[in-house]
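Scroll down for the structure; my scribbles are underneath it.
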Amino acid sequence: MGDPSLATTPFQLSDANQFFELSKDPDIRNEYPNMRFENIEEAKAYLEAQIDLTENSGLSFFKAIRIVYDGLEPVYTEENNILVGFISLHKIGALDQIFAGGFQQTLGYAIKSAYRGKGLMTIALNMTLDAMRRDGYNVMAAAVKKQNISSIRVLEKCGFIMVRDYQISLLYVKRITMDKDEFDKLFIL
Ligand SMILES: CC(C)(COP(=O)(O)OP(=O)(O)OC[C@H]1O[C@@H](n2cnc3c(N)ncnc32)[C@H](O)[C@@H]1OP(=O)(O)O)[C@@H](O)C(=O)NCCC(=O)NCCS
């Protein structure tokens with residue numbers, strides 16, 4: 001195997017086994033109840049829907065975070081990558097929008113427990129933000145539970161600022177391409 005590198009890439013259906021294993025992580029099940037799959041078929045169906053969403057929604061996405069061997073392969077197999085997490089941008093429901101300062105989409109992310117505390121999520125989020133800048137996204141939001149110290153730390157390391165305190169959760173935002181004065185007027189002043 002060659003030198004490993006970190007990549008954020010689309011999911012493929014061949015990720016189903018690794019994705020099902022990832023979804024068994026108790027912290028991920030706790031944060032993302034829609035990923036509490038009973039069996040591989042449920043995980044596969046979810047993955048299929050997310051692949052379709054990523055390809056067709058234009059804005060939302062669900063991407064894999066992988067440790068890749070032998071460079072950035074266009075096709076990932078269980079032999080040339082380890083699926084260590086995901087990063088997503090999803091439409092949220094009306095109730096969640098209240099705790100997201102009116103944002104209709106928020107970021108989600110996770111790293112498998114054995115790979116945490118090594119800076120991987122910070123690298124993956126920064127890579128995603130760079131891609132968003134190239135794609136012209138305006139401003140990004142993430143809602144995080146107050147006790148989720150590591151997630152808060154990741155957001156702060158990536159330059160997000162806390163703009164709303166909702167007792168149990170905090171709203172963080174980051175300017176991507178939005179005009180700085182407009183951003184400051186909306187979130188800072
Ligand atoms: C949140 C999560 C993605 C972080 O992934 P990660 O790869 O471990 O993140 P990083 O290593 O890039 O950064 C973690 C930071 O939190 C810090 N940290 C972790 N636990 C901490 C604690 N109890 N107190 C203080 N800092 C803590 C680490 O030291 C590190 O900061 P540093 O680089 O300044 O030392 C991961 O814990 C996870 O998947 N959790 C479950 C799912 C989840 O909560 N998703 C987010 C929903 S909003």
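Please note that chains go A, B, ... in the order of the structure tokens, that every chain numbers its residues from 1, and that ligands are numbered from 1 in the order shown.
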Name the residues of chain A that fall into strand (DSSP E or B) according to DSSP on the backbone, using the chain letters and numbers of this document, as a PyMOL selection string. chain A and resi 5-10+61-68+81-91+105-111+139-145+161-166+169-175
Store the residues picked out above, limited to N, CA and C atoms, as a short mmCIF file (atom, residue, chain, number, x, y, z; two decimals), in the first residue's frame.
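Written file, result.cif:
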```
data_model
loop_
_atom_site.label_atom_id
_atom_site.label_comp_id
_atom_site.auth_asym_id
_atom_site.auth_seq_id
_atom_site.Cartn_x
_atom_site.Cartn_y
_atom_site.Cartn_z
N SER A 5 -3.67 9.14 2.56
CA SER A 5 -4.05 10.55 2.62
C SER A 5 -5.54 10.61 2.95
N LEU A 6 -5.98 11.79 3.39
CA LEU A 6 -7.40 11.93 3.74
C LEU A 6 -8.16 12.52 2.55
N ALA A 7 -9.33 12.00 2.28
CA ALA A 7 -10.13 12.52 1.15
C ALA A 7 -11.60 12.61 1.55
N THR A 8 -12.27 13.64 1.04
CA THR A 8 -13.73 13.69 1.16
C THR A 8 -14.27 13.46 -0.24
N THR A 9 -15.04 12.41 -0.40
CA THR A 9 -15.48 12.00 -1.74
C THR A 9 -16.95 11.59 -1.70
N PRO A 10 -17.58 11.48 -2.87
CA PRO A 10 -18.94 10.94 -2.86
C PRO A 10 -18.95 9.51 -2.29
N PHE A 61 -25.60 17.58 0.39
CA PHE A 61 -24.70 16.47 0.06
C PHE A 61 -24.46 15.59 1.27
N PHE A 62 -23.98 14.40 1.00
CA PHE A 62 -23.60 13.45 2.03
C PHE A 62 -22.33 12.79 1.51
N LYS A 63 -21.19 13.16 2.10
CA LYS A 63 -19.91 12.70 1.55
C LYS A 63 -19.14 11.83 2.53
N ALA A 64 -18.35 10.95 1.96
CA ALA A 64 -17.52 10.05 2.77
C ALA A 64 -16.22 10.74 3.15
N ILE A 65 -15.74 10.46 4.36
CA ILE A 65 -14.38 10.85 4.73
C ILE A 65 -13.59 9.55 4.79
N ARG A 66 -12.54 9.49 3.96
CA ARG A 66 -11.80 8.24 3.83
C ARG A 66 -10.31 8.44 4.03
N ILE A 67 -9.68 7.44 4.59
CA ILE A 67 -8.23 7.36 4.51
C ILE A 67 -7.97 6.50 3.26
N VAL A 68 -7.30 7.12 2.29
CA VAL A 68 -7.14 6.49 0.98
C VAL A 68 -5.69 6.05 0.80
N ASN A 81 -9.30 1.87 0.68
CA ASN A 81 -9.65 2.98 1.57
C ASN A 81 -10.30 2.47 2.84
N ILE A 82 -10.17 3.29 3.88
CA ILE A 82 -10.91 3.01 5.13
C ILE A 82 -11.91 4.14 5.29
N LEU A 83 -13.18 3.79 5.38
CA LEU A 83 -14.21 4.81 5.62
C LEU A 83 -14.15 5.20 7.10
N VAL A 84 -13.78 6.45 7.39
CA VAL A 84 -13.63 6.86 8.79
C VAL A 84 -14.72 7.82 9.23
N GLY A 85 -15.54 8.32 8.30
CA GLY A 85 -16.58 9.26 8.73
C GLY A 85 -17.39 9.79 7.57
N PHE A 86 -18.20 10.78 7.89
CA PHE A 86 -18.99 11.43 6.83
C PHE A 86 -19.11 12.92 7.14
N ILE A 87 -19.45 13.67 6.10
CA ILE A 87 -19.77 15.09 6.27
C ILE A 87 -20.96 15.39 5.37
N SER A 88 -21.93 16.14 5.92
CA SER A 88 -23.16 16.32 5.15
C SER A 88 -23.68 17.74 5.26
N LEU A 89 -24.48 18.11 4.29
CA LEU A 89 -25.26 19.35 4.35
C LEU A 89 -26.68 18.95 4.00
N HIS A 90 -27.58 19.08 5.00
CA HIS A 90 -28.94 18.59 4.82
C HIS A 90 -29.97 19.65 5.11
N LYS A 91 -31.08 19.57 4.39
CA LYS A 91 -32.25 20.40 4.72
C LYS A 91 -32.77 19.95 6.07
N GLN A 105 -30.53 24.77 6.01
CA GLN A 105 -29.60 23.66 5.83
C GLN A 105 -28.52 23.78 6.90
N THR A 106 -28.13 22.66 7.48
CA THR A 106 -27.02 22.71 8.44
C THR A 106 -26.03 21.58 8.15
N LEU A 107 -24.82 21.80 8.62
CA LEU A 107 -23.78 20.79 8.43
C LEU A 107 -23.93 19.67 9.46
N GLY A 108 -23.59 18.47 9.06
CA GLY A 108 -23.49 17.34 9.98
C GLY A 108 -22.17 16.63 9.70
N TYR A 109 -21.64 15.96 10.70
CA TYR A 109 -20.36 15.27 10.47
C TYR A 109 -20.08 14.30 11.60
N ALA A 110 -19.24 13.33 11.31
CA ALA A 110 -18.84 12.37 12.34
C ALA A 110 -17.57 11.65 11.91
N ILE A 111 -16.81 11.23 12.90
CA ILE A 111 -15.62 10.39 12.69
C ILE A 111 -15.78 9.16 13.58
N VAL A 139 -22.89 31.17 3.07
CA VAL A 139 -22.58 31.14 4.50
C VAL A 139 -23.01 29.77 5.02
N MET A 140 -22.27 29.23 5.99
CA MET A 140 -22.55 27.88 6.47
C MET A 140 -22.93 27.90 7.94
N ALA A 141 -23.86 27.04 8.33
CA ALA A 141 -24.29 26.99 9.73
C ALA A 141 -24.19 25.57 10.28
N ALA A 142 -23.92 25.48 11.57
CA ALA A 142 -23.92 24.18 12.25
C ALA A 142 -24.53 24.38 13.63
N ALA A 143 -25.48 23.50 13.98
CA ALA A 143 -26.08 23.54 15.32
C ALA A 143 -25.45 22.41 16.13
N VAL A 144 -25.01 22.73 17.34
CA VAL A 144 -24.27 21.72 18.12
C VAL A 144 -24.75 21.74 19.57
N LYS A 145 -24.88 20.53 20.15
CA LYS A 145 -25.29 20.46 21.56
C LYS A 145 -24.18 21.04 22.44
N ILE A 161 -17.99 30.97 14.11
CA ILE A 161 -18.22 31.76 15.32
C ILE A 161 -19.60 31.45 15.89
N MET A 162 -19.70 31.49 17.21
CA MET A 162 -20.97 31.20 17.87
C MET A 162 -21.85 32.45 17.82
N VAL A 163 -23.06 32.30 17.27
CA VAL A 163 -23.91 33.48 17.12
C VAL A 163 -25.23 33.40 17.89
N ARG A 164 -25.65 32.19 18.33
CA ARG A 164 -26.88 32.07 19.11
C ARG A 164 -26.69 30.99 20.17
N ASP A 165 -27.20 31.30 21.37
CA ASP A 165 -27.17 30.33 22.47
C ASP A 165 -28.61 29.96 22.78
N TYR A 166 -28.99 28.70 22.47
CA TYR A 166 -30.37 28.25 22.69
C TYR A 166 -30.49 27.30 23.88
N SER A 169 -28.52 23.99 22.84
CA SER A 169 -27.66 23.93 21.66
C SER A 169 -27.13 25.32 21.30
N LEU A 170 -26.08 25.31 20.52
CA LEU A 170 -25.45 26.56 20.08
C LEU A 170 -25.48 26.59 18.56
N LEU A 171 -25.61 27.80 18.01
CA LEU A 171 -25.56 27.94 16.56
C LEU A 171 -24.23 28.59 16.18
N TYR A 172 -23.50 27.91 15.31
CA TYR A 172 -22.23 28.43 14.80
C TYR A 172 -22.38 28.76 13.32
N VAL A 173 -21.75 29.83 12.87
CA VAL A 173 -21.79 30.16 11.44
C VAL A 173 -20.38 30.50 10.94
N LYS A 174 -20.21 30.34 9.63
CA LYS A 174 -18.96 30.74 9.00
C LYS A 174 -19.27 31.39 7.66
N ARG A 175 -18.63 32.53 7.44
CA ARG A 175 -18.76 33.22 6.16
C ARG A 175 -17.98 32.44 5.11
#
```
Which residues are near ligand 1 in this structure, taking near to mean any atom at most 8 Å from a ligand atom and counting only C-alpha atoms and all ligand atoms? Format them as a PyMOL selection string. chain A and resi 27-28+30-32+85+107-113+115-123+142-145+148-154+157
Between CA of Arg133 (chain A) and CA of Ala94 (chain A), measure the distance and give it in Å to one decimal. 26.8 Å
Could you find all residues in chain A that DSSP calls helix (DSSP H, G or I) from the backbone, and write them as a PyMOL selection string? chain A and resi 13-23+26-31+33-35+40-56+94-98+113-115+120-135+149-157+180-188
Would you mind listing what lies within 9 Å of Leu47 (chain A) as a PyMOL selection string, with only C-alpha atoms counted and same-chain residues fewer than 6 positions away left out? chain A and resi 11-13+15-16+19+62
Same residues, N, CA and C atoms, saved as a PDB file, in the first residue's frame:
```
ATOM      1  N   PHE A  11     -20.082   9.128  -1.731  1.00  0.00           N
ATOM      2  CA  PHE A  11     -20.262   7.723  -1.337  1.00  0.00           C
ATOM      3  C   PHE A  11     -20.530   6.894  -2.581  1.00  0.00           C
ATOM      4  N   GLN A  12     -20.245   5.606  -2.495  1.00  0.00           N
ATOM      5  CA  GLN A  12     -20.606   4.650  -3.538  1.00  0.00           C
ATOM      6  C   GLN A  12     -21.390   3.524  -2.872  1.00  0.00           C
ATOM      7  N   LEU A  13     -22.165   2.800  -3.657  1.00  0.00           N
ATOM      8  CA  LEU A  13     -22.928   1.697  -3.054  1.00  0.00           C
ATOM      9  C   LEU A  13     -22.015   0.630  -2.474  1.00  0.00           C
ATOM     10  N   ASP A  15     -19.707   1.092  -0.622  1.00  0.00           N
ATOM     11  CA  ASP A  15     -19.355   1.487   0.747  1.00  0.00           C
ATOM     12  C   ASP A  15     -20.312   0.891   1.778  1.00  0.00           C
ATOM     13  N   ALA A  16     -21.362   0.195   1.314  1.00  0.00           N
ATOM     14  CA  ALA A  16     -22.448  -0.190   2.226  1.00  0.00           C
ATOM     15  C   ALA A  16     -21.951  -0.926   3.481  1.00  0.00           C
ATOM     16  N   PHE A  19     -20.101   1.473   5.702  1.00  0.00           N
ATOM     17  CA  PHE A  19     -21.033   2.475   6.220  1.00  0.00           C
ATOM     18  C   PHE A  19     -21.895   1.889   7.343  1.00  0.00           C
ATOM     19  N   PHE A  62     -23.984  14.403   0.997  1.00  0.00           N
ATOM     20  CA  PHE A  62     -23.599  13.447   2.027  1.00  0.00           C
ATOM     21  C   PHE A  62     -22.325  12.786   1.507  1.00  0.00           C
TER      22      PHE A  62
END
```
Which value, in Å to one decimal, gives the distance between CA of Gln104 (chain A) and CA of Ile92 (chain A)? 5.8 Å
Find the residues near Lys24 (chain A): any atom within 9 Å, counting only C-alpha atoms, skip ones fewer than 6 places away on the same chain, and give them as a list of chain:residue names. A:Met35, A:Arg36, A:Phe37
Could the residues in this selection be written to a file with C-alpha atoms, as a PDB file, in the first residue's frame?
```pdb
ATOM      1  CA  MET A  35     -28.774   6.262  11.081  1.00  0.00           C
ATOM      2  CA  ARG A  36     -29.963   3.669  13.627  1.00  0.00           C
ATOM      3  CA  PHE A  37     -30.138   0.868  11.056  1.00  0.00           C
TER       4      PHE A  37
END
```
Given the choices A:Lys44, A:Asp181, A:Glu21, A:Leu155, which gets closest to Ala124 (chain A) if the distance is worked out from only C-alpha atoms?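 Of A:Lys44, A:Asp181, A:Glu21, A:Leu155, the one nearest Ala124 (chain A), counting only C-alpha atoms, is A:Leu155.
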